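Peer 1: Handing you a structure now.
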Amino acid sequence: MNDVQTTVLTVIEQLLERSDKSGVVVTLDSVIHGDGLSLDSLETAELSAILEDEFGSDPFAAGLMPETVAEIVAFYGAGEGAAAS
């Protein structure tokens, strides 16, 4: 697992813990909304803010609507986002 992937998974797991969804298993294939992580719009906005704080940018602010955790990781892994802190 690379640094970006580890950081993104950790950020999402911590968000889920704060949202009382700590029983949800996060994998690269996890869908962000619906039957996956079940993030609502407020939780998605919080995720966006946390990712921007961590990496300097986020896929949501860049106009993308990632559907899976892998798509978020790919955003940063492709160099579209800033390097991890």
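Simple scheme: letters A, B, ... for chains in structure tokens order, numbers from 1 for residues in each chain, numbers from 1 for ligands in the order shown.
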Which polymer residues have any atom within 12 Å of an atom of A:Ala45, counting only C-alpha atoms, with same-chain residues fewer than 6 positions away left out, as number ranges by chain?

Peer 2: A: 15, 39, 51-52, 58-61, 65

Peer 1: I'd like the contact shell of A:Arg18 - 12 Å cut-off, only C-alpha atoms, skipping same-chain residues fewer than 4 positions apart - returned as a ChimeraX atom specification.

Peer 2: /A:11-14,22-23,39,43,46-47

Peer 1: If you run DSSP on the backbone here, which positions in chain A get helix (DSSP H, G or I)? Please write them as a ChimeraX atom specification.

Peer 2: /A:3-18,41-55,69-77

Peer 1: Print the selection's residues with C-alpha atoms to a file, as a PDB file, in the first residue's frame.

Peer 2:
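File part_18.pdb, as written:
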ATOM      1  CA  ASP A   3       1.381   6.582   1.180  1.00  0.00           C
ATOM      2  CA  VAL A   4      -1.529   8.166  -0.722  1.00  0.00           C
ATOM      3  CA  GLN A   5      -3.664   5.048  -0.435  1.00  0.00           C
ATOM      4  CA  THR A   6      -2.879   4.674   3.268  1.00  0.00           C
ATOM      5  CA  THR A   7      -3.689   8.319   3.965  1.00  0.00           C
ATOM      6  CA  VAL A   8      -6.982   8.279   2.028  1.00  0.00           C
ATOM      7  CA  LEU A   9      -8.127   5.067   3.735  1.00  0.00           C
ATOM      8  CA  THR A  10      -7.188   6.459   7.152  1.00  0.00           C
ATOM      9  CA  VAL A  11      -9.020   9.744   6.518  1.00  0.00           C
ATOM     10  CA  ILE A  12     -12.171   7.886   5.458  1.00  0.00           C
ATOM     11  CA  GLU A  13     -12.002   5.456   8.387  1.00  0.00           C
ATOM     12  CA  GLN A  14     -11.647   8.363  10.846  1.00  0.00           C
ATOM     13  CA  LEU A  15     -14.582  10.188   9.217  1.00  0.00           C
ATOM     14  CA  LEU A  16     -16.728   7.066   9.493  1.00  0.00           C
ATOM     15  CA  GLU A  17     -15.765   6.678  13.154  1.00  0.00           C
ATOM     16  CA  ARG A  18     -16.852  10.249  13.909  1.00  0.00           C
ATOM     17  CA  SER A  41     -23.975  15.159   1.538  1.00  0.00           C
ATOM     18  CA  LEU A  42     -22.649  16.647   4.785  1.00  0.00           C
ATOM     19  CA  GLU A  43     -20.207  13.772   5.290  1.00  0.00           C
ATOM     20  CA  THR A  44     -19.078  14.094   1.667  1.00  0.00           C
ATOM     21  CA  ALA A  45     -18.437  17.816   2.200  1.00  0.00           C
ATOM     22  CA  GLU A  46     -16.459  16.997   5.344  1.00  0.00           C
ATOM     23  CA  LEU A  47     -14.432  14.394   3.439  1.00  0.00           C
ATOM     24  CA  SER A  48     -13.725  16.980   0.747  1.00  0.00           C
ATOM     25  CA  ALA A  49     -12.468  19.481   3.341  1.00  0.00           C
ATOM     26  CA  ILE A  50     -10.291  16.911   5.102  1.00  0.00           C
ATOM     27  CA  LEU A  51      -8.736  15.742   1.831  1.00  0.00           C
ATOM     28  CA  GLU A  52      -8.008  19.347   0.857  1.00  0.00           C
ATOM     29  CA  ASP A  53      -6.337  19.959   4.225  1.00  0.00           C
ATOM     30  CA  GLU A  54      -4.284  16.780   3.861  1.00  0.00           C
ATOM     31  CA  PHE A  55      -3.270  17.023   0.194  1.00  0.00           C
ATOM     32  CA  VAL A  69     -12.426   5.034  -2.781  1.00  0.00           C
ATOM     33  CA  ALA A  70     -10.152   3.840  -5.614  1.00  0.00           C
ATOM     34  CA  GLU A  71     -11.156   6.858  -7.712  1.00  0.00           C
ATOM     35  CA  ILE A  72     -10.122   9.194  -4.880  1.00  0.00           C
ATOM     36  CA  VAL A  73      -6.780   7.387  -4.538  1.00  0.00           C
ATOM     37  CA  ALA A  74      -6.287   7.528  -8.318  1.00  0.00           C
ATOM     38  CA  PHE A  75      -6.879  11.305  -8.291  1.00  0.00           C
ATOM     39  CA  TYR A  76      -3.887  11.798  -5.999  1.00  0.00           C
ATOM     40  CA  GLY A  77      -1.833   8.952  -7.426  1.00  0.00           C
TER      41      GLY A  77
END

Peer 1: Do you know which residues are at most 8 Å from A:Ile32 counting only C-alpha atoms, after dropping those on the same chain fewer than 4 positions away, and could you put them as a ChimeraX atom specification?

Peer 2: /A:36-39,66-69

Peer 1: Export, as a compact mmCIF listing (two decimals), in the first residue's frame, the selected residues with N, CA and C atoms.

Peer 2:
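Printed below is part_5.txt as written:
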# COMPACT_ATOMS: atom_id res chain seq x y z
N GLY A 36 -22.52 1.45 -0.16
CA GLY A 36 -21.12 1.33 0.22
C GLY A 36 -20.86 1.96 1.57
N LEU A 37 -20.20 3.11 1.58
CA LEU A 37 -19.88 3.81 2.82
C LEU A 37 -21.07 4.60 3.35
N SER A 38 -22.07 4.78 2.51
CA SER A 38 -23.31 5.49 2.88
C SER A 38 -23.07 6.92 3.36
N LEU A 39 -22.11 7.61 2.74
CA LEU A 39 -21.89 9.01 3.12
C LEU A 39 -23.04 9.86 2.62
N PRO A 66 -16.05 11.39 -7.63
CA PRO A 66 -15.62 9.99 -7.52
C PRO A 66 -16.71 9.14 -6.90
N GLU A 67 -16.83 7.92 -7.40
CA GLU A 67 -17.85 7.01 -6.90
C GLU A 67 -17.28 5.96 -5.97
N THR A 68 -15.96 5.73 -6.04
CA THR A 68 -15.33 4.73 -5.18
C THR A 68 -14.10 5.32 -4.50
N VAL A 69 -13.65 4.63 -3.47
CA VAL A 69 -12.43 5.03 -2.78
C VAL A 69 -11.26 4.97 -3.76

Peer 1: What does the distance from atom CA of A:Asp40 to atom CA of A:Ser19 come to in Å, to one decimal?

Peer 2: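 According to the coordinates, atom CA of A:Asp40 and atom CA of A:Ser19 are separated by 10.2 Å.
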
Peer 1: Suppose you want the space between atom CA of A:Asp20 and atom CA of A:Gly34; what is it in Å?

Peer 2: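 Going from atom CA of A:Asp20 over to atom CA of A:Gly34 covers 16.2 Å.
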